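Below is one structure; the comments refer to it alone.
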Amino acid sequence: MERRPIIVTGALKGELDYLVEMLESCDIETRGGFKFYKGYVKDYPVIIAKTEVGLINSASCLTIAIEKYNPIAIVNSGTAGGIIENRHKKDIIIAEECFNILASKTPYKELGEGSNSCEWDLMTFTDGGDDEKRLYKTNRKLVEIALSQKDRYEHGNVYTGVVGSADIWNREKDKLKFLAEKHGVSCEDMELEAILKVAGNYSLPAIGIKIMSDNELLGEEYEPAVGSYVQEYAYEYLKELVDHIDILE
């Protein structure tokens with residue numbers, strides 16, 4: 001019987017093209033408008049799912065992938081914007097936690113009183129449940145394997161941290177500083193919360209591996225080319241994960 005595959009998700013071509021190239025015996029399927037690249041890493045089945053950008057796209061694509069391919073684990077790899085002063089462009093964040101940085105309740109204000117997003121209460125809206133901010137956690141075993149590769153990374157440093165997700169590209173420095181200082185966010189992306197939510201719905205272990213493509217607070221400008229570095233890291237991680245796949249079975 002075919003072994004259950006590892007699914008790797010990424011939003012952009014520049015976050016996936018190296019990984020696709022490294023697959024052995026790659027075939028392409030299109031389902032629900034999303035592309036799935038099916039192949040092998042060290043003879044173990046791996047499927048790379050191109051989610052496109054955004055939480056809705058990521059949730060939709062991963063749901064299709066899980067229902068069709070019955071994976072054993074989910075790896076989200078890609079770029080993120082750095083928003084903390086002691087982390088730099090090209091540094092990698094292995095996500096331990098993630099939450100939606102736009103799911104908010106605003107304070108009441110009259111017309112003409114303006115708006116200030118740093119005053120908004122972050123929360124998760126649930127039917128009959130607790131509306132406080134919800135943190136989605138990554139799988140500890142997957143994180144440990146990812147960290148075992150950090151000394152091989154030559155382009156920056158590797159840390160664990162909190163990723164903030166939302167369909168927004170923040171460039172307001174006060175907002176960035178607020179998220180870093182009050183909520184402990186290291187970087188922000190547009191996919192990981194959806195990936196962890198959907199994986200959790202299916203009781204599947206998942207991880208996020210993010211590289212900082214910029215850091216507005218430090219004046220480090222956006223560089224999409226760093227997407228190739230996180231792919232190299234993710235590929236080495238996949239090889240190590242395949243060698244230890246029995247921890248998930």
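We label chains A, B, ... in the order they appear in the structure tokens, count residues from 1 in each chain, and number ligands from 1 in the order shown.
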### Task
May I have the residues within 7 Å of region 192-194 of chain A as a PyMOL selection string, using only C-alpha atoms and disregarding those fewer than 4 positions away in the same chain?
chain A and resi 55+58-59+76+98-100+165+198+208
### Message
Residues near Leu248 (chain A), anyone? I mean within 9 Å using only C-alpha atoms, not counting same-chain ones fewer than 4 positions away, as number ranges by chain.
### Response
A: 72-73, 141, 205, 244
Just-selected residues, N, CA and C atoms written as a PDB file, in the first residue's frame:
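For reference, result-v2.pdb as written:
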ATOM      1  N   ILE A  72       0.301  12.413   5.848  1.00  0.00           N
ATOM      2  CA  ILE A  72       0.736  12.087   7.201  1.00  0.00           C
ATOM      3  C   ILE A  72       1.160  13.330   7.967  1.00  0.00           C
ATOM      4  N   ALA A  73       1.546  14.401   7.240  1.00  0.00           N
ATOM      5  CA  ALA A  73       1.989  15.637   7.879  1.00  0.00           C
ATOM      6  C   ALA A  73       1.918  16.779   6.870  1.00  0.00           C
ATOM      7  N   LYS A 141       7.240  17.696  17.587  1.00  0.00           N
ATOM      8  CA  LYS A 141       8.199  16.779  16.963  1.00  0.00           C
ATOM      9  C   LYS A 141       8.700  17.326  15.637  1.00  0.00           C
ATOM     10  N   PRO A 205      -0.421  16.569  12.104  1.00  0.00           N
ATOM     11  CA  PRO A 205       0.690  17.405  12.554  1.00  0.00           C
ATOM     12  C   PRO A 205       1.110  18.380  11.454  1.00  0.00           C
ATOM     13  N   HIS A 244      12.936  10.129   9.679  1.00  0.00           N
ATOM     14  CA  HIS A 244      12.327   9.957  11.005  1.00  0.00           C
ATOM     15  C   HIS A 244      10.802   9.877  10.897  1.00  0.00           C
TER      16      HIS A 244
END
### Task
Find the residues near Leu135 (chain A): any atom within 12 Å, counting only C-alpha atoms, skip ones fewer than 2 places away on the same chain, and give them as an NGL selection string.
:A and (95-101 or 103 or 122-124 or 131-133 or 137-138 or 162-165 or 183-185 or 192-194 or 196-197 or 200)
Show me a table, sorted first by chain and then by increasing residue number, of the residues of region 196-217 of chain A having an atom at most 8 Å from region 85-92 of chain A, each with its shortest atom pair and the distance in Å to one decimal, counting only C-alpha atoms and written as CSV.
residue,atom,partner,partner_atom,distance
A:Ile209,CA,A:Ile92,CA,7.1
A:Lys210,CA,A:Ile92,CA,5.6
A:Ile211,CA,A:Ile92,CA,4.3
A:Met212,CA,A:Lys89,CA,4.8
A:Ser213,CA,A:Lys89,CA,5.4
A:Asp214,CA,A:Lys89,CA,5.0
A:Asn215,CA,A:Lys89,CA,6.1
A:Leu217,CA,A:Glu85,CA,6.4
### Message
For a test of reading the model, state the distance in Å between CA of Ala49 (chain A) and CA of Phe36 (chain A), rounded to one decimal.
### Response
4.6 Å
Find the residues near Ser186 (chain A): any atom within 7 Å, counting only C-alpha atoms, skip ones fewer than 5 places away on the same chain, and give them as a CSV table (one decimal) with all heavy atoms, in the first residue's frame.
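Output saved as around.csv:
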chain,number,residue,atom,x,y,z
A,82,GLY,N,9.3,40.5,8.4
A,82,GLY,CA,9.9,40.6,9.7
A,82,GLY,C,9.3,41.9,10.4
A,82,GLY,O,9.3,42.9,9.8
A,83,ILE,N,8.9,41.7,11.7
A,83,ILE,CA,8.4,42.9,12.4
A,83,ILE,C,9.0,43.0,13.8
A,83,ILE,O,8.4,43.6,14.7
A,83,ILE,CB,6.8,42.8,12.5
A,83,ILE,CG1,6.4,41.6,13.4
A,83,ILE,CG2,6.2,42.7,11.1
A,83,ILE,CD1,4.9,41.7,13.6
A,84,ILE,N,10.1,42.4,14.0
A,84,ILE,CA,10.8,42.5,15.3
A,84,ILE,C,12.2,43.0,15.1
A,84,ILE,O,12.8,42.7,14.1
A,84,ILE,CB,10.7,41.1,16.0
A,84,ILE,CG1,11.1,41.2,17.5
A,84,ILE,CG2,11.6,40.1,15.3
A,84,ILE,CD1,10.9,40.0,18.2
A,161,GLY,N,9.6,31.0,16.9
A,161,GLY,CA,8.8,32.3,17.1
A,161,GLY,C,7.4,32.2,16.8
A,161,GLY,O,6.8,31.1,16.5
A,162,VAL,N,6.7,33.3,17.0
A,162,VAL,CA,5.3,33.4,16.7
A,162,VAL,C,5.1,34.1,15.4
A,162,VAL,O,5.7,35.1,15.1
A,162,VAL,CB,4.6,34.2,17.8
A,162,VAL,CG1,3.1,34.4,17.5
A,162,VAL,CG2,4.8,33.6,19.2
A,163,VAL,N,4.2,33.5,14.5
A,163,VAL,CA,3.9,34.1,13.2
A,163,VAL,C,2.5,34.7,13.3
A,163,VAL,O,1.5,34.0,13.8
A,163,VAL,CB,3.9,33.0,12.1
A,163,VAL,CG1,3.5,33.6,10.8
A,163,VAL,CG2,5.3,32.5,12.0
A,180,ALA,N,4.8,43.2,17.7
A,180,ALA,CA,6.0,42.6,18.3
A,180,ALA,C,6.0,42.7,19.8
A,180,ALA,O,6.3,41.7,20.5
A,180,ALA,CB,7.2,43.2,17.7
### Task
Please report, as a ChimeraX atom specification, each residue of region 1-231 of chain A to which DSSP assigns strand (DSSP E) when run on this structure's backbone.
/A:6-10,24-31,34-41,44-50,73-82,92-100,104-105,121-122,136-137,158-165,185-189,206-215
### Message
Measuring between only C-alpha atoms, which one of A:Asp43, A:Asp17, A:Asp167, A:Glu240 shows the shortest distance to Leu147 (chain A)?
### Response
A:Glu240
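Between Glu216 (chain A) and the residues A:Asn170, A:Ser203, A:Ser115, A:Ser228, the shortest atom-to-atom distance, using only C-alpha atoms, involves A:Asn170.
Between CA of Ile245 (chain A) and CA of Lys150 (chain A) the interatomic distance comes to 19.2 Å.
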Which of region 19-241 of chain A counts as alpha helix (DSSP H) under DSSP, as a CSV table (one decimal) with C-alpha atoms, in the first residue's frame please?
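Final output, result_16.csv:
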chain,number,residue,atom,x,y,z
A,19,LEU,CA,11.3,22.2,-4.2
A,20,VAL,CA,9.3,21.1,-7.3
A,21,GLU,CA,12.6,20.8,-9.2
A,22,MET,CA,14.1,18.6,-6.5
A,55,LEU,CA,-6.0,32.6,4.1
A,56,ILE,CA,-9.0,31.5,2.1
A,57,ASN,CA,-6.9,30.1,-0.8
A,58,SER,CA,-4.7,28.3,1.7
A,59,ALA,CA,-7.6,26.7,3.5
A,60,SER,CA,-9.3,25.7,0.3
A,61,CYS,CA,-6.2,24.2,-1.3
A,62,LEU,CA,-5.2,22.3,1.8
A,63,THR,CA,-8.7,20.9,2.4
A,64,ILE,CA,-8.7,19.5,-1.2
A,65,ALA,CA,-5.2,18.1,-0.7
A,66,ILE,CA,-6.1,16.4,2.6
A,67,GLU,CA,-9.3,14.9,1.3
A,68,LYS,CA,-7.7,13.6,-1.9
A,69,TYR,CA,-4.2,12.5,-0.8
A,140,ARG,CA,6.6,19.8,18.6
A,141,LYS,CA,8.2,16.8,17.0
A,142,LEU,CA,8.2,18.5,13.6
A,143,VAL,CA,9.7,21.6,15.2
A,144,GLU,CA,12.5,19.6,16.8
A,145,ILE,CA,13.5,18.0,13.4
A,146,ALA,CA,13.4,21.5,11.8
A,147,LEU,CA,15.7,22.9,14.4
A,173,LYS,CA,5.8,51.0,12.0
A,174,ASP,CA,3.7,51.7,15.1
A,175,LYS,CA,1.5,48.8,14.2
A,176,LEU,CA,4.5,46.5,13.6
A,177,LYS,CA,6.0,47.5,16.9
A,178,PHE,CA,2.7,47.0,18.7
A,179,LEU,CA,2.4,43.4,17.3
A,180,ALA,CA,6.0,42.6,18.3
A,181,GLU,CA,5.9,44.0,21.8
A,182,LYS,CA,2.3,43.2,22.9
A,183,HIS,CA,1.7,40.0,21.1
A,192,LEU,CA,0.0,29.8,8.1
A,193,GLU,CA,-3.1,30.4,10.4
A,194,ALA,CA,-5.3,28.7,7.8
A,195,ILE,CA,-2.9,25.9,7.3
A,196,LEU,CA,-2.7,25.1,11.0
A,197,LYS,CA,-6.5,25.5,11.4
A,198,VAL,CA,-7.3,23.0,8.6
A,199,ALA,CA,-4.6,20.6,9.7
A,200,GLY,CA,-5.9,20.7,13.2
A,201,ASN,CA,-9.5,19.9,11.9
A,227,GLY,CA,12.3,32.5,-1.2
A,228,SER,CA,15.0,30.2,-2.7
A,229,TYR,CA,16.8,30.1,0.7
A,230,VAL,CA,13.8,28.8,2.6
A,231,GLN,CA,13.2,26.2,0.0
A,232,GLU,CA,16.7,24.9,0.4
A,233,TYR,CA,16.1,24.7,4.1
A,234,ALA,CA,12.7,23.0,3.7
A,235,TYR,CA,14.2,20.5,1.3
A,236,GLU,CA,16.9,19.5,3.8
A,237,TYR,CA,14.2,19.3,6.4
A,238,LEU,CA,12.1,17.0,4.3
A,239,LYS,CA,15.0,14.6,3.9
A,240,GLU,CA,15.5,14.5,7.6
A,241,LEU,CA,11.8,14.1,8.2
Check which residues of region 44-74 of chain A sit at most 12 Å from region 78-81 of chain A using only C-alpha atoms, and return one row each with the closest pair of atoms and their distance in Å to one decimal, ordered by chain and rising number, as a Markdown table.
| residue | atom | partner | partner_atom | distance |
| --- | --- | --- | --- | --- |
| A:Lys50 | CA | A:Gly78 | CA | 11.0 |
| A:Thr51 | CA | A:Gly78 | CA | 11.1 |
| A:Glu52 | CA | A:Gly78 | CA | 11.3 |
| A:Val53 | CA | A:Gly78 | CA | 10.7 |
Let me see the file: selected residues, all heavy atoms, as a PDB file, in the first residue's frame.
ATOM      1  N   LYS A  50       0.445  24.296  -4.410  1.00  0.00           N
ATOM      2  CA  LYS A  50       0.561  25.747  -4.628  1.00  0.00           C
ATOM      3  C   LYS A  50      -0.771  26.388  -4.232  1.00  0.00           C
ATOM      4  O   LYS A  50      -1.743  26.348  -4.969  1.00  0.00           O
ATOM      5  CB  LYS A  50       0.898  26.056  -6.083  1.00  0.00           C
ATOM      6  CG  LYS A  50       1.206  27.521  -6.353  1.00  0.00           C
ATOM      7  CD  LYS A  50       1.707  27.714  -7.798  1.00  0.00           C
ATOM      8  CE  LYS A  50       2.162  29.149  -8.039  1.00  0.00           C
ATOM      9  NZ  LYS A  50       1.038  30.102  -8.056  1.00  0.00           N
ATOM     10  N   THR A  51      -0.793  27.003  -3.060  1.00  0.00           N
ATOM     11  CA  THR A  51      -2.045  27.484  -2.486  1.00  0.00           C
ATOM     12  C   THR A  51      -2.523  28.800  -3.074  1.00  0.00           C
ATOM     13  O   THR A  51      -3.701  29.136  -2.954  1.00  0.00           O
ATOM     14  CB  THR A  51      -1.903  27.684  -0.971  1.00  0.00           C
ATOM     15  OG1 THR A  51      -0.962  28.735  -0.718  1.00  0.00           O
ATOM     16  CG2 THR A  51      -1.457  26.398  -0.292  1.00  0.00           C
ATOM     17  N   GLU A  52      -1.618  29.577  -3.672  1.00  0.00           N
ATOM     18  CA  GLU A  52      -1.844  30.989  -3.970  1.00  0.00           C
ATOM     19  C   GLU A  52      -1.872  31.772  -2.649  1.00  0.00           C
ATOM     20  O   GLU A  52      -1.819  31.201  -1.561  1.00  0.00           O
ATOM     21  CB  GLU A  52      -3.122  31.217  -4.784  1.00  0.00           C
ATOM     22  CG  GLU A  52      -3.214  30.398  -6.066  1.00  0.00           C
ATOM     23  CD  GLU A  52      -2.120  30.707  -7.077  1.00  0.00           C
ATOM     24  OE1 GLU A  52      -1.529  31.803  -7.019  1.00  0.00           O
ATOM     25  OE2 GLU A  52      -1.851  29.843  -7.945  1.00  0.00           O
ATOM     26  N   VAL A  53      -1.944  33.101  -2.739  1.00  0.00           N
ATOM     27  CA  VAL A  53      -1.796  33.963  -1.564  1.00  0.00           C
ATOM     28  C   VAL A  53      -3.115  34.083  -0.807  1.00  0.00           C
ATOM     29  O   VAL A  53      -4.184  34.180  -1.410  1.00  0.00           O
ATOM     30  CB  VAL A  53      -1.302  35.365  -1.990  1.00  0.00           C
ATOM     31  CG1 VAL A  53      -1.247  36.313  -0.796  1.00  0.00           C
ATOM     32  CG2 VAL A  53       0.062  35.263  -2.659  1.00  0.00           C
TER      33      VAL A  53
END
### Query
Looking at A:Thr106, A:Ala166, A:Arg134, A:Leu16, which one is nearest to Gly54 (chain A), with distances taken over only C-alpha atoms?
A:Ala166
#### Entry: Residue nearest Asp121 (chain A) among A:Leu102, A:Val41, A:Met190, A:Leu12 (counting only C-alpha atoms)
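Among A:Leu102, A:Val41, A:Met190, A:Leu12, it is A:Leu102 that comes nearest to Asp121 (chain A).
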### Message
Need to verify the contact set: Val8 (chain A), 6 Å, only C-alpha atoms, exclusion of same-chain residues closer than 4 positions in sequence. Can you return it as a list in words?
### Response
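Counting only the stated atoms, we get Ile48, Ile74, Val75 and Asn76 of chain A.
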Next, the residues of the selection above should be written as a PDB file, in the first residue's frame with all heavy atoms.
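As a result, part.pdb now contains:
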ATOM      1  N   ILE A  48       3.591  18.732  -3.326  1.00  0.00           N
ATOM      2  CA  ILE A  48       3.736  20.177  -3.138  1.00  0.00           C
ATOM      3  C   ILE A  48       2.484  20.857  -3.665  1.00  0.00           C
ATOM      4  O   ILE A  48       2.132  20.714  -4.835  1.00  0.00           O
ATOM      5  CB  ILE A  48       4.989  20.695  -3.855  1.00  0.00           C
ATOM      6  CG1 ILE A  48       6.239  20.033  -3.243  1.00  0.00           C
ATOM      7  CG2 ILE A  48       5.089  22.209  -3.743  1.00  0.00           C
ATOM      8  CD1 ILE A  48       7.520  20.373  -3.960  1.00  0.00           C
ATOM      9  N   ILE A  74       1.854  18.004   7.415  1.00  0.00           N
ATOM     10  CA  ILE A  74       1.764  19.214   6.589  1.00  0.00           C
ATOM     11  C   ILE A  74       2.934  20.126   6.910  1.00  0.00           C
ATOM     12  O   ILE A  74       3.205  20.427   8.086  1.00  0.00           O
ATOM     13  CB  ILE A  74       0.453  19.990   6.864  1.00  0.00           C
ATOM     14  CG1 ILE A  74      -0.757  19.052   6.853  1.00  0.00           C
ATOM     15  CG2 ILE A  74       0.306  21.131   5.871  1.00  0.00           C
ATOM     16  CD1 ILE A  74      -1.017  18.360   5.553  1.00  0.00           C
ATOM     17  N   VAL A  75       3.630  20.587   5.871  1.00  0.00           N
ATOM     18  CA  VAL A  75       4.731  21.533   6.020  1.00  0.00           C
ATOM     19  C   VAL A  75       4.395  22.780   5.211  1.00  0.00           C
ATOM     20  O   VAL A  75       4.209  22.704   3.997  1.00  0.00           O
ATOM     21  CB  VAL A  75       6.068  20.943   5.522  1.00  0.00           C
ATOM     22  CG1 VAL A  75       7.188  21.975   5.661  1.00  0.00           C
ATOM     23  CG2 VAL A  75       6.406  19.670   6.282  1.00  0.00           C
ATOM     24  N   ASN A  76       4.285  23.928   5.875  1.00  0.00           N
ATOM     25  CA  ASN A  76       4.076  25.203   5.175  1.00  0.00           C
ATOM     26  C   ASN A  76       5.404  25.941   5.116  1.00  0.00           C
ATOM     27  O   ASN A  76       6.002  26.242   6.156  1.00  0.00           O
ATOM     28  CB  ASN A  76       3.022  26.042   5.899  1.00  0.00           C
ATOM     29  CG  ASN A  76       2.855  27.423   5.275  1.00  0.00           C
ATOM     30  OD1 ASN A  76       2.983  28.431   5.943  1.00  0.00           O
ATOM     31  ND2 ASN A  76       2.590  27.471   3.980  1.00  0.00           N
TER      32      ASN A  76
END
### Message
Residues within 7 Å of Pro71 (chain A), please, as a list in words. Count only C-alpha atoms; anything in the same chain fewer than 5 positions from it doesn't count.
### Response
Arg4, Pro5, Ile6, Ile7 and Ile66 of chain A
### Message
Rounded to one decimal, what separation in Å do you get between CA of Ile47 (chain A) and CA of Ala206 (chain A)?
### Response
14.2 Å
